[in-house]
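Note sheet for the following structure.
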Amino acid sequence: MTRGSHFVGVDVGTGSARAGVFDAHGSLLTHASRDIELFQNAPGHVEQSSRQIWQSVCEAVRAAVAESRLKPDDIHGIGFDATCSLVVIGPGGEGLPVGHHGDANRNILVWMDQRATEQAARINETGHRVLDYVGGAISPEMETPKLLWLNEHLPQTYNDARYFFDLADFLGWKATGSLARSICTVTCKWTYLAHEKTWDESYFNEIGLGDLTKNDFARIGTEIVAAGTPLGHGLTPEAAQALGLATGTPVGAGLIDAHAGGIGAMTPEVEMTSNLVYVFGTSACTMSTSTEPLFVTGVWGPYHSAMVPGLWLSEGGQSSAGAAIERLLALHPASTQAAESAKTGAKSLPDYLAGLAVQRSPDLSSVAQLAGRVLVVPDFLGNRAPHADPNARAVIAGLGMEQDLESLVALYIAGLLGIGYGLRQIINASVSAGATINAVTVIGGAGRHPLVAQLIADCTGRPVVQPAQPEPVLLGAAMLGAAASGSAPDLKTTMSKMNGAGTLITPANGTVASLHDRRFSVFEALQKAARNLHDPKSTETRFGDA
């Protein structure tokens, strides 16, 4: 790469837009963040504003670049990643309302929006072949069920919409005017068949969205490009002014946020095709790559070139991870007082409890014993993988009458172990289908804590890698800008130039491993019993089964 080159990565998550400035070797110079608002006025409905998100992106980029003391001409490329949320754009590039409220400023159906559960169920009943490439069942988090909901419940918005974008593609369009869609977004969330380089018209006709096939799928994506492909002629004058960068700065086609973390987290310690990347945030996402397609029930994909060019991606996930911990702790009577103590020490409640747990144990692996008889199946928002069951709900077993801080710590540790066992299920299902998973690379806010990383290693029986780079998602986004700039011949080469080494954490064996085996067995039994409760006809529910 050119000496002195710098790149900006922009990550739009559920609650904030973040920007980071990186050098050509992947070192983070500066970063900045701006909050974005969620609108939740009806059960299962979660919305955002593309106007506000773009404003927050611009403010974050300007702040990060200003702090770096670099000039606009020093930034040789910019890349965007974002949540897989649906953006609805009408005539003149303005938003259209996605709810009955009629507010055109609220024009995004956020990834976690669950209003299209019924539509997803009907789509799954078709058994169409494209479902084979989303783990066998489509999720209401994906875009075609949401589009079907809009068509049925807000036909004026649907009919007036000029373009439907995944959020990362919207940001690329806003920055450059290019209508190209990333192969990542449309393959993972829109049923584009990347390995065939085509949309399947019969799918859209069968589910009632045949109008989207007109004019070569103009409203959802005629031009599909690889992540990091230069978009248009770079930043338009208007976008450049808003971002505080130079007109024409190269912009790389985007990625879904978790996938940006995937390319930003790959380390030299583990072969790419035997490494599962685990993004531990509000929800959790698992990503593993293979040279051949692997069909894993309940795991999304296989998607060709959706993350790493030329490799197949399998994507699992947990609908709530960090959110499950927050919900779990809120149920305990000691949580309010503990939160005040955490605040006094300038810590989050989970970090505060993790610190107490470490103090009470001889080593990190022994912390698992603090859970005692409490066991948590943390399916508060359903089970995304491997059971593909949005109707699943959490199970908490082993509670007594205790209301003290010790019992709150026990509940917290039991929740972490439950998340670890859910990850173990995804790994087991993937390996049974032919995947090779020799290590787990953990990224995300929660995964940075040494205790969390050790417990994940112990729960799964796999070594855990913690990347040295503290912001792998931002780094992945910056890599898109680097690839677009021509500083490296392709995204894979960019990854090898900008990714660094990590720390390897070994799982415990002996009595600790036996403890986790016993708890995992009970975990699966409780989960199965809960599924039988809401669907006594089946022990393996699918999306849409009631």
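Labels used: A, B, ... for chains in the order of the structure tokens, numbers from 1 for residues in each chain, and numbers from 1 for ligands as shown.
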Could you please write out, as a PDB file with N, CA and C atoms, in the first residue's frame, every residue of region 269-368 of chain A that DSSP assigns to helix (DSSP H, G or I)?
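See out15.pdb below for the written result:
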```pdb
ATOM      1  N   MET A 272      -8.258 -19.322   7.737  1.00  0.00           N
ATOM      2  CA  MET A 272      -9.536 -18.652   7.522  1.00  0.00           C
ATOM      3  C   MET A 272     -10.708 -19.627   7.471  1.00  0.00           C
ATOM      4  N   THR A 273     -10.540 -20.756   6.802  1.00  0.00           N
ATOM      5  CA  THR A 273     -11.648 -21.692   6.620  1.00  0.00           C
ATOM      6  C   THR A 273     -11.847 -22.639   7.802  1.00  0.00           C
ATOM      7  N   SER A 274     -11.098 -22.460   8.884  1.00  0.00           N
ATOM      8  CA  SER A 274     -11.331 -23.263  10.089  1.00  0.00           C
ATOM      9  C   SER A 274     -11.583 -22.371  11.302  1.00  0.00           C
ATOM     10  N   GLY A 322     -26.153  -9.775  24.192  1.00  0.00           N
ATOM     11  CA  GLY A 322     -26.034  -8.695  25.157  1.00  0.00           C
ATOM     12  C   GLY A 322     -27.385  -8.237  25.661  1.00  0.00           C
ATOM     13  N   ALA A 323     -28.370  -8.201  24.759  1.00  0.00           N
ATOM     14  CA  ALA A 323     -29.729  -7.804  25.167  1.00  0.00           C
ATOM     15  C   ALA A 323     -30.328  -8.814  26.133  1.00  0.00           C
ATOM     16  N   ALA A 324     -29.996 -10.095  25.957  1.00  0.00           N
ATOM     17  CA  ALA A 324     -30.497 -11.131  26.866  1.00  0.00           C
ATOM     18  C   ALA A 324     -29.910 -10.944  28.263  1.00  0.00           C
ATOM     19  N   ILE A 325     -28.624 -10.599  28.329  1.00  0.00           N
ATOM     20  CA  ILE A 325     -28.002 -10.363  29.632  1.00  0.00           C
ATOM     21  C   ILE A 325     -28.653  -9.176  30.321  1.00  0.00           C
ATOM     22  N   GLU A 326     -28.885  -8.108  29.586  1.00  0.00           N
ATOM     23  CA  GLU A 326     -29.536  -6.935  30.177  1.00  0.00           C
ATOM     24  C   GLU A 326     -30.926  -7.271  30.702  1.00  0.00           C
ATOM     25  N   ARG A 327     -31.691  -8.008  29.904  1.00  0.00           N
ATOM     26  CA  ARG A 327     -33.040  -8.399  30.310  1.00  0.00           C
ATOM     27  C   ARG A 327     -33.002  -9.300  31.533  1.00  0.00           C
ATOM     28  N   LEU A 328     -32.072 -10.232  31.547  1.00  0.00           N
ATOM     29  CA  LEU A 328     -31.941 -11.183  32.644  1.00  0.00           C
ATOM     30  C   LEU A 328     -31.627 -10.456  33.950  1.00  0.00           C
ATOM     31  N   LEU A 329     -30.674  -9.553  33.909  1.00  0.00           N
ATOM     32  CA  LEU A 329     -30.277  -8.841  35.115  1.00  0.00           C
ATOM     33  C   LEU A 329     -31.398  -7.948  35.632  1.00  0.00           C
ATOM     34  N   ALA A 330     -32.183  -7.382  34.704  1.00  0.00           N
ATOM     35  CA  ALA A 330     -33.279  -6.488  35.112  1.00  0.00           C
ATOM     36  C   ALA A 330     -34.344  -7.224  35.913  1.00  0.00           C
ATOM     37  N   SER A 335     -30.581  -5.771  41.161  1.00  0.00           N
ATOM     38  CA  SER A 335     -29.930  -5.155  40.003  1.00  0.00           C
ATOM     39  C   SER A 335     -29.844  -3.638  40.098  1.00  0.00           C
ATOM     40  N   THR A 336     -30.867  -2.994  40.672  1.00  0.00           N
ATOM     41  CA  THR A 336     -30.862  -1.529  40.761  1.00  0.00           C
ATOM     42  C   THR A 336     -29.717  -1.035  41.642  1.00  0.00           C
ATOM     43  N   GLN A 337     -29.572  -1.649  42.797  1.00  0.00           N
ATOM     44  CA  GLN A 337     -28.497  -1.248  43.700  1.00  0.00           C
ATOM     45  C   GLN A 337     -27.135  -1.568  43.083  1.00  0.00           C
ATOM     46  N   ALA A 338     -27.018  -2.718  42.426  1.00  0.00           N
ATOM     47  CA  ALA A 338     -25.755  -3.089  41.789  1.00  0.00           C
ATOM     48  C   ALA A 338     -25.406  -2.126  40.660  1.00  0.00           C
ATOM     49  N   ALA A 339     -26.413  -1.683  39.931  1.00  0.00           N
ATOM     50  CA  ALA A 339     -26.173  -0.736  38.843  1.00  0.00           C
ATOM     51  C   ALA A 339     -25.643   0.584  39.372  1.00  0.00           C
ATOM     52  N   GLU A 340     -26.131   1.013  40.542  1.00  0.00           N
ATOM     53  CA  GLU A 340     -25.622   2.242  41.150  1.00  0.00           C
ATOM     54  C   GLU A 340     -24.158   2.081  41.547  1.00  0.00           C
ATOM     55  N   SER A 341     -23.820   0.923  42.088  1.00  0.00           N
ATOM     56  CA  SER A 341     -22.423   0.662  42.460  1.00  0.00           C
ATOM     57  C   SER A 341     -21.536   0.638  41.226  1.00  0.00           C
ATOM     58  N   ALA A 342     -22.052   0.039  40.151  1.00  0.00           N
ATOM     59  CA  ALA A 342     -21.291  -0.001  38.904  1.00  0.00           C
ATOM     60  C   ALA A 342     -21.054   1.395  38.367  1.00  0.00           C
ATOM     61  N   LYS A 343     -22.086   2.223  38.438  1.00  0.00           N
ATOM     62  CA  LYS A 343     -21.987   3.592  37.937  1.00  0.00           C
ATOM     63  C   LYS A 343     -20.947   4.380  38.716  1.00  0.00           C
ATOM     64  N   THR A 344     -20.889   4.159  40.018  1.00  0.00           N
ATOM     65  CA  THR A 344     -19.900   4.843  40.848  1.00  0.00           C
ATOM     66  C   THR A 344     -18.480   4.520  40.398  1.00  0.00           C
ATOM     67  N   LEU A 349     -23.029  -2.480  34.260  1.00  0.00           N
ATOM     68  CA  LEU A 349     -23.433  -3.495  35.232  1.00  0.00           C
ATOM     69  C   LEU A 349     -22.814  -4.854  34.917  1.00  0.00           C
ATOM     70  N   PRO A 350     -22.822  -5.331  33.644  1.00  0.00           N
ATOM     71  CA  PRO A 350     -22.169  -6.619  33.366  1.00  0.00           C
ATOM     72  C   PRO A 350     -20.680  -6.620  33.722  1.00  0.00           C
ATOM     73  N   ASP A 351     -19.955  -5.541  33.421  1.00  0.00           N
ATOM     74  CA  ASP A 351     -18.528  -5.484  33.757  1.00  0.00           C
ATOM     75  C   ASP A 351     -18.319  -5.491  35.274  1.00  0.00           C
ATOM     76  N   TYR A 352     -19.185  -4.803  35.984  1.00  0.00           N
ATOM     77  CA  TYR A 352     -19.111  -4.783  37.447  1.00  0.00           C
ATOM     78  C   TYR A 352     -19.302  -6.186  38.017  1.00  0.00           C
ATOM     79  N   LEU A 353     -20.310  -6.895  37.516  1.00  0.00           N
ATOM     80  CA  LEU A 353     -20.582  -8.248  38.005  1.00  0.00           C
ATOM     81  C   LEU A 353     -19.480  -9.215  37.604  1.00  0.00           C
ATOM     82  N   ALA A 354     -18.928  -9.019  36.408  1.00  0.00           N
ATOM     83  CA  ALA A 354     -17.809  -9.863  35.974  1.00  0.00           C
ATOM     84  C   ALA A 354     -16.625  -9.681  36.914  1.00  0.00           C
ATOM     85  N   GLY A 355     -16.373  -8.444  37.316  1.00  0.00           N
ATOM     86  CA  GLY A 355     -15.282  -8.179  38.244  1.00  0.00           C
ATOM     87  C   GLY A 355     -15.499  -8.866  39.590  1.00  0.00           C
ATOM     88  N   LEU A 356     -16.733  -8.832  40.105  1.00  0.00           N
ATOM     89  CA  LEU A 356     -17.044  -9.511  41.364  1.00  0.00           C
ATOM     90  C   LEU A 356     -16.854 -11.016  41.227  1.00  0.00           C
ATOM     91  N   ALA A 357     -17.270 -11.561  40.085  1.00  0.00           N
ATOM     92  CA  ALA A 357     -17.142 -12.996  39.864  1.00  0.00           C
ATOM     93  C   ALA A 357     -15.678 -13.413  39.848  1.00  0.00           C
ATOM     94  N   VAL A 358     -14.847 -12.624  39.197  1.00  0.00           N
ATOM     95  CA  VAL A 358     -13.416 -12.944  39.130  1.00  0.00           C
ATOM     96  C   VAL A 358     -12.793 -12.896  40.524  1.00  0.00           C
ATOM     97  N   GLN A 359     -13.194 -11.933  41.348  1.00  0.00           N
ATOM     98  CA  GLN A 359     -12.666 -11.819  42.702  1.00  0.00           C
ATOM     99  C   GLN A 359     -13.016 -13.025  43.558  1.00  0.00           C
ATOM    100  N   SER A 365     -11.719 -19.824  34.618  1.00  0.00           N
ATOM    101  CA  SER A 365     -12.546 -20.987  34.297  1.00  0.00           C
ATOM    102  C   SER A 365     -13.403 -21.417  35.477  1.00  0.00           C
ATOM    103  N   SER A 366     -12.899 -21.234  36.699  1.00  0.00           N
ATOM    104  CA  SER A 366     -13.646 -21.639  37.897  1.00  0.00           C
ATOM    105  C   SER A 366     -14.861 -20.765  38.154  1.00  0.00           C
ATOM    106  N   VAL A 367     -14.937 -19.621  37.490  1.00  0.00           N
ATOM    107  CA  VAL A 367     -16.087 -18.726  37.664  1.00  0.00           C
ATOM    108  C   VAL A 367     -17.389 -19.443  37.324  1.00  0.00           C
ATOM    109  N   ALA A 368     -17.349 -20.397  36.403  1.00  0.00           N
ATOM    110  CA  ALA A 368     -18.565 -21.115  36.000  1.00  0.00           C
ATOM    111  C   ALA A 368     -19.256 -21.768  37.198  1.00  0.00           C
TER     112      ALA A 368
END
```
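For Glu152 (chain A), the non-local neighbours within 10 Å, defined as residues at least 5 positions apart in the same chain or in other chains and counting only C-alpha atoms, are Gln119, Lys146, Leu147, Tyr158 and Gly208 of chain A.
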Non-local contacts of Leu423 (chain A) (12 Å; only C-alpha atoms; under 6 positions in same chain excluded) as a tab-separated table (two decimals) with C-alpha atoms, in the first residue's frame:
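Okay, part_32.tsv is ready:
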```tsv
chain	number	residue	atom	x	y	z
A	276	LEU	CA	-15.57	-19.11	13.28
A	277	VAL	CA	-15.98	-15.39	13.94
A	278	TYR	CA	-18.36	-14.65	16.82
A	279	VAL	CA	-19.71	-11.11	17.04
A	280	PHE	CA	-21.01	-10.64	20.58
A	284	ALA	CA	-24.72	-12.33	18.33
A	285	CYS	CA	-23.66	-13.45	14.88
A	286	THR	CA	-21.47	-16.39	13.87
A	287	MET	CA	-19.65	-16.52	10.55
A	299	VAL	CA	-27.80	-21.61	9.88
A	315	GLU	CA	-24.02	-17.37	9.15
A	316	GLY	CA	-25.62	-18.36	12.41
A	317	GLY	CA	-26.70	-16.16	15.22
A	318	GLN	CA	-28.45	-15.58	18.50
A	319	SER	CA	-31.34	-13.12	18.37
A	320	SER	CA	-30.39	-11.75	21.76
A	321	ALA	CA	-27.02	-11.95	23.47
A	377	VAL	CA	-31.70	-20.70	28.10
A	378	PRO	CA	-31.51	-17.07	26.87
A	383	ASN	CA	-33.80	-18.86	18.57
A	384	ARG	CA	-32.20	-17.81	15.31
A	385	ALA	CA	-29.78	-20.75	15.04
A	386	PRO	CA	-29.72	-23.66	14.94
A	416	LEU	CA	-23.20	-15.99	30.02
A	417	LEU	CA	-22.95	-19.77	30.10
A	429	ALA	CA	-24.63	-28.27	13.87
A	430	SER	CA	-22.04	-26.77	11.54
A	440	VAL	CA	-13.51	-19.03	17.63
A	442	VAL	CA	-14.57	-13.24	19.46
A	455	LEU	CA	-16.12	-18.80	29.38
A	456	ILE	CA	-16.85	-18.96	25.64
A	457	ALA	CA	-13.76	-21.12	25.18
A	458	ASP	CA	-14.82	-23.39	28.04
A	459	CYS	CA	-18.47	-23.62	26.96
A	460	THR	CA	-17.60	-24.52	23.37
A	461	GLY	CA	-14.42	-26.51	23.96
A	462	ARG	CA	-12.68	-24.42	21.29
A	520	PHE	CA	-25.00	-28.33	28.30
```
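Using only C-alpha atoms, the residues found no farther than 8 Å from Thr30 (chain A), other than those of its own chain fewer than 6 positions away, are A:Gly20, A:Val21, A:Phe22, A:Ala64, A:Val65, A:Glu67, A:Ser68.
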Print the selection's residues with N, CA and C atoms to a file, as a PDB file, in the first residue's frame.
```
ATOM      1  N   GLY A  20     -13.901   5.624  12.085  1.00  0.00           N
ATOM      2  CA  GLY A  20     -12.529   5.462  12.524  1.00  0.00           C
ATOM      3  C   GLY A  20     -11.564   5.782  11.399  1.00  0.00           C
ATOM      4  N   VAL A  21     -10.431   6.365  11.745  1.00  0.00           N
ATOM      5  CA  VAL A  21      -9.376   6.665  10.782  1.00  0.00           C
ATOM      6  C   VAL A  21      -8.236   5.674  11.008  1.00  0.00           C
ATOM      7  N   PHE A  22      -7.832   4.977   9.942  1.00  0.00           N
ATOM      8  CA  PHE A  22      -6.801   3.943  10.026  1.00  0.00           C
ATOM      9  C   PHE A  22      -5.653   4.273   9.075  1.00  0.00           C
ATOM     10  N   ALA A  64     -13.856  12.436  13.625  1.00  0.00           N
ATOM     11  CA  ALA A  64     -12.711  11.520  13.639  1.00  0.00           C
ATOM     12  C   ALA A  64     -11.552  12.068  12.814  1.00  0.00           C
ATOM     13  N   VAL A  65     -11.850  12.610  11.640  1.00  0.00           N
ATOM     14  CA  VAL A  65     -10.787  13.153  10.785  1.00  0.00           C
ATOM     15  C   VAL A  65     -10.172  14.396  11.419  1.00  0.00           C
ATOM     16  N   GLU A  67      -9.875  15.068  14.586  1.00  0.00           N
ATOM     17  CA  GLU A  67      -9.025  14.655  15.698  1.00  0.00           C
ATOM     18  C   GLU A  67      -7.708  14.056  15.206  1.00  0.00           C
ATOM     19  N   SER A  68      -7.742  13.428  14.033  1.00  0.00           N
ATOM     20  CA  SER A  68      -6.521  12.829  13.485  1.00  0.00           C
ATOM     21  C   SER A  68      -5.538  13.866  12.962  1.00  0.00           C
TER      22      SER A  68
END
```
Interface rows for region 42-99 of chain A against region 256-264 of chain A: nearest pair, Å to one decimal, 6 Å, only C-alpha atoms, as JSON lines:
```
{"residue": "A:Asp81", "atom": "CA", "partner": "A:Asp257", "partner_atom": "CA", "distance": 4.9}
{"residue": "A:Ala82", "atom": "CA", "partner": "A:Asp257", "partner_atom": "CA", "distance": 4.7}
{"residue": "A:Thr83", "atom": "CA", "partner": "A:Asp257", "partner_atom": "CA", "distance": 5.4}
{"residue": "A:Cys84", "atom": "CA", "partner": "A:Ile256", "partner_atom": "CA", "distance": 5.9}
```
Write the residues you've just listed into a file as a PDB file, in the first residue's frame, and include C-alpha atoms for each of them.
```pdb
ATOM      1  CA  ASP A  81     -20.917  -1.148   6.988  1.00  0.00           C
ATOM      2  CA  ALA A  82     -24.343  -1.192   8.593  1.00  0.00           C
ATOM      3  CA  THR A  83     -27.030  -3.328  10.133  1.00  0.00           C
ATOM      4  CA  CYS A  84     -29.163  -5.247   7.635  1.00  0.00           C
TER       5      CYS A  84
END
```
Ala478 (chain A) surroundings by only C-alpha atoms, 10 Å radius, close-in-sequence under 2 positions cut, as JSON, numbers by chain: {"A": [6, 7, 8, 9, 10, 11, 19, 20, 21, 22, 23, 24, 26, 28, 77, 78, 79, 80, 81, 228, 251, 252, 260, 264, 472, 473, 474, 475, 476, 480, 481, 482, 483, 484, 494, 498]}
Any idea what's packed within 6 Å of Gly95 (chain A), counting only C-alpha atoms, ignoring anything in its chain fewer than 4 positions away? Could you give it as an MDAnalysis selection string? chainID A and resid 88:90 104 107
Which of region 27-233 of chain A end up as strand (DSSP E) when DSSP is run on this backbone - answer as a PyMOL selection string? chain A and resi 28-35+39-42+45-48+75-82+86-89+108-109+163-166+181-182+224-225
So that I have them on file, write out the residues from the current selection with N, CA, C and O atoms, as a short mmCIF file (atom, residue, chain, number, x, y, z; two decimals), in the first residue's frame.
```cif
data_model
loop_
_atom_site.label_atom_id
_atom_site.label_comp_id
_atom_site.auth_asym_id
_atom_site.auth_seq_id
_atom_site.Cartn_x
_atom_site.Cartn_y
_atom_site.Cartn_z
N LEU A 28 -5.49 1.91 14.24
CA LEU A 28 -6.52 2.92 14.46
C LEU A 28 -5.90 4.19 15.03
O LEU A 28 -5.24 4.16 16.06
N LEU A 29 -6.11 5.32 14.32
CA LEU A 29 -5.59 6.60 14.79
C LEU A 29 -6.59 7.29 15.70
O LEU A 29 -6.27 7.67 16.83
N THR A 30 -7.80 7.47 15.20
CA THR A 30 -8.84 8.16 15.97
C THR A 30 -10.19 7.57 15.61
O THR A 30 -10.36 6.94 14.56
N HIS A 31 -11.15 7.78 16.48
CA HIS A 31 -12.52 7.39 16.15
C HIS A 31 -13.49 8.31 16.87
O HIS A 31 -13.14 8.95 17.87
N ALA A 32 -14.71 8.35 16.34
CA ALA A 32 -15.76 9.20 16.92
C ALA A 32 -17.10 8.51 16.74
O ALA A 32 -17.26 7.65 15.87
N SER A 33 -18.06 8.89 17.56
CA SER A 33 -19.37 8.24 17.54
C SER A 33 -20.48 9.27 17.71
O SER A 33 -20.29 10.29 18.38
N ARG A 34 -21.61 8.99 17.08
CA ARG A 34 -22.81 9.80 17.26
C ARG A 34 -24.01 8.86 17.42
O ARG A 34 -24.13 7.87 16.70
N ASP A 35 -24.88 9.19 18.34
CA ASP A 35 -26.05 8.35 18.59
C ASP A 35 -27.06 8.44 17.46
O ASP A 35 -27.16 9.47 16.77
N PHE A 39 -37.20 4.06 17.02
CA PHE A 39 -38.62 4.33 17.27
C PHE A 39 -39.33 2.99 17.45
O PHE A 39 -39.31 2.14 16.55
N GLN A 40 -39.96 2.80 18.61
CA GLN A 40 -40.66 1.55 18.91
C GLN A 40 -42.02 1.88 19.49
O GLN A 40 -42.18 1.96 20.70
N ASN A 41 -43.00 2.06 18.62
CA ASN A 41 -44.32 2.47 19.06
C ASN A 41 -45.37 1.36 19.00
O ASN A 41 -46.52 1.58 19.35
N ALA A 42 -44.97 0.18 18.56
CA ALA A 42 -45.89 -0.94 18.50
C ALA A 42 -45.09 -2.22 18.75
O ALA A 42 -43.89 -2.27 18.43
N HIS A 45 -42.37 -3.67 16.29
CA HIS A 45 -42.05 -2.66 15.28
C HIS A 45 -40.84 -1.83 15.76
O HIS A 45 -40.89 -1.23 16.83
N VAL A 46 -39.79 -1.80 14.95
CA VAL A 46 -38.59 -1.03 15.28
C VAL A 46 -38.17 -0.26 14.03
O VAL A 46 -37.90 -0.86 12.99
N GLU A 47 -38.11 1.07 14.15
CA GLU A 47 -37.86 1.91 12.97
C GLU A 47 -36.75 2.92 13.24
O GLU A 47 -36.43 3.23 14.39
N GLN A 48 -36.19 3.44 12.16
CA GLN A 48 -35.18 4.48 12.23
C GLN A 48 -35.38 5.46 11.09
O GLN A 48 -36.23 5.27 10.22
N ILE A 75 -7.02 11.30 3.14
CA ILE A 75 -7.94 10.15 3.20
C ILE A 75 -8.09 9.61 1.79
O ILE A 75 -8.67 10.25 0.92
N HIS A 76 -7.60 8.40 1.57
CA HIS A 76 -7.56 7.82 0.22
C HIS A 76 -8.72 6.89 -0.07
O HIS A 76 -8.81 6.36 -1.18
N GLY A 77 -9.59 6.66 0.91
CA GLY A 77 -10.74 5.80 0.66
C GLY A 77 -11.63 5.72 1.89
O GLY A 77 -11.17 5.95 3.03
N ILE A 78 -12.90 5.41 1.67
CA ILE A 78 -13.86 5.29 2.77
C ILE A 78 -14.78 4.12 2.47
O ILE A 78 -15.12 3.85 1.31
N GLY A 79 -15.15 3.38 3.53
CA GLY A 79 -16.06 2.26 3.39
C GLY A 79 -17.13 2.30 4.47
O GLY A 79 -16.90 2.83 5.56
N PHE A 80 -18.29 1.74 4.15
CA PHE A 80 -19.42 1.73 5.07
C PHE A 80 -19.85 0.30 5.37
O PHE A 80 -19.91 -0.54 4.48
N ASP A 81 -20.16 0.05 6.64
CA ASP A 81 -20.92 -1.15 6.99
C ASP A 81 -22.12 -0.71 7.80
O ASP A 81 -22.15 0.40 8.35
N ALA A 82 -23.13 -1.56 7.87
CA ALA A 82 -24.34 -1.19 8.59
C ALA A 82 -25.14 -2.43 8.95
O ALA A 82 -24.90 -3.52 8.41
N LEU A 86 -33.87 -2.30 6.36
CA LEU A 86 -34.50 -1.97 5.07
C LEU A 86 -34.81 -0.48 4.99
O LEU A 86 -35.57 0.05 5.80
N VAL A 87 -34.25 0.19 3.99
CA VAL A 87 -34.45 1.63 3.79
C VAL A 87 -35.37 1.83 2.59
O VAL A 87 -35.14 1.27 1.52
N VAL A 88 -36.41 2.64 2.78
CA VAL A 88 -37.40 2.89 1.73
C VAL A 88 -37.26 4.33 1.25
O VAL A 88 -37.42 5.28 2.02
N ILE A 89 -36.95 4.48 -0.05
CA ILE A 89 -36.70 5.80 -0.63
C ILE A 89 -37.71 6.05 -1.75
O ILE A 89 -37.91 5.22 -2.64
N ILE A 108 -37.11 3.48 7.82
CA ILE A 108 -36.28 2.29 7.91
C ILE A 108 -36.95 1.25 8.82
O ILE A 108 -37.34 1.57 9.95
N LEU A 109 -37.08 0.03 8.30
CA LEU A 109 -37.44 -1.10 9.13
C LEU A 109 -36.14 -1.71 9.65
O LEU A 109 -35.35 -2.25 8.87
N TYR A 163 -36.80 3.15 -4.64
CA TYR A 163 -35.75 2.19 -4.35
C TYR A 163 -35.95 1.60 -2.96
O TYR A 163 -36.37 2.30 -2.03
N PHE A 164 -35.60 0.33 -2.84
CA PHE A 164 -35.48 -0.32 -1.55
C PHE A 164 -33.99 -0.68 -1.38
O PHE A 164 -33.42 -1.36 -2.23
N PHE A 165 -33.39 -0.22 -0.29
CA PHE A 165 -31.97 -0.45 -0.05
C PHE A 165 -31.76 -1.21 1.25
O PHE A 165 -32.49 -1.01 2.24
N ASP A 166 -30.73 -2.05 1.31
CA ASP A 166 -30.15 -2.42 2.58
C ASP A 166 -29.38 -1.19 3.07
O ASP A 166 -28.88 -0.40 2.26
N ARG A 181 -25.53 -2.53 -5.73
CA ARG A 181 -25.72 -3.18 -4.43
C ARG A 181 -24.55 -4.12 -4.15
O ARG A 181 -23.99 -4.72 -5.06
N SER A 182 -24.23 -4.25 -2.89
CA SER A 182 -23.17 -5.16 -2.49
C SER A 182 -23.64 -6.60 -2.58
O SER A 182 -24.77 -6.93 -2.18
N ILE A 224 -24.96 -5.71 -9.25
CA ILE A 224 -24.49 -6.33 -8.01
C ILE A 224 -22.97 -6.44 -8.08
O ILE A 224 -22.43 -6.98 -9.05
N VAL A 225 -22.28 -5.92 -7.05
CA VAL A 225 -20.82 -5.86 -7.10
C VAL A 225 -20.23 -6.45 -5.83
O VAL A 225 -20.87 -6.53 -4.78
#
```
Need the shell around Ile123 (chain A): protein/DNA/RNA residues with any atom at most 8 Å away, counting only C-alpha atoms. Skip same-chain ones fewer than 3 positions apart. Format as a ChimeraX atom specification? /A:119-120,126-127,138,145,207
Keeping only N, CA, C and O atoms, take the residues you just selected and write them out as a CSV table (one decimal), in the first residue's frame.
```
chain,number,residue,atom,x,y,z
A,119,GLN,N,-45.6,-13.1,7.3
A,119,GLN,CA,-45.1,-13.2,5.9
A,119,GLN,C,-44.0,-14.2,5.8
A,119,GLN,O,-44.0,-14.9,4.8
A,120,ALA,N,-43.1,-14.2,6.7
A,120,ALA,CA,-42.0,-15.2,6.6
A,120,ALA,C,-42.5,-16.6,6.7
A,120,ALA,O,-42.0,-17.5,5.9
A,126,THR,N,-43.8,-22.1,1.0
A,126,THR,CA,-43.6,-22.4,-0.5
A,126,THR,C,-42.6,-23.4,-0.7
A,126,THR,O,-42.6,-24.1,-1.8
A,127,GLY,N,-41.6,-23.5,0.2
A,127,GLY,CA,-40.5,-24.5,-0.1
A,127,GLY,C,-39.6,-24.1,-1.3
A,127,GLY,O,-39.0,-25.0,-1.8
A,138,ILE,N,-36.6,-18.8,5.8
A,138,ILE,CA,-36.3,-17.3,5.8
A,138,ILE,C,-36.7,-16.7,7.2
A,138,ILE,O,-37.7,-17.2,7.8
A,145,PRO,N,-39.6,-10.7,3.4
A,145,PRO,CA,-40.8,-10.7,4.3
A,145,PRO,C,-41.2,-9.3,4.7
A,145,PRO,O,-42.4,-9.0,4.7
A,207,ILE,N,-44.2,-15.5,-4.2
A,207,ILE,CA,-44.5,-14.9,-2.9
A,207,ILE,C,-45.4,-13.7,-3.0
A,207,ILE,O,-45.8,-13.1,-2.0
```
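Counting only C-alpha atoms and comparing A:Pro140, A:Ala60, A:Phe295, A:Arg106, the residue that lies closest to Glu118 (chain A) is A:Pro140.
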Nearest-residue call for Glu292 (chain A), choices A:Leu243, A:Leu370, A:Ala306, A:Leu313, using only C-alpha atoms: A:Leu313
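Counting only C-alpha atoms and comparing A:Gly248, A:Pro91, A:Gly298, A:Gly210, the residue that lies closest to Asp389 (chain A) is A:Gly298.
Here CA of Glu238 (chain A) and CA of Cys58 (chain A) stand 11.4 Å from one another.
The space separating CA of Thr157 (chain A) from CA of Ala242 (chain A) comes to 28.2 Å.
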Counting only C-alpha atoms, which residue out of A:Ala513, A:Leu375, A:Ala265, A:Leu405 sits closest to Asn499 (chain A)? A:Ala265
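Take the candidates A:Leu131, A:Cys184, A:Ala397, A:Val296 and check each one against Arg519 (chain A) using only C-alpha atoms; the shortest distance goes to A:Ala397.
The coordinates place CA of Glu201 (chain A) at 14.5 Å from CA of Thr187 (chain A).
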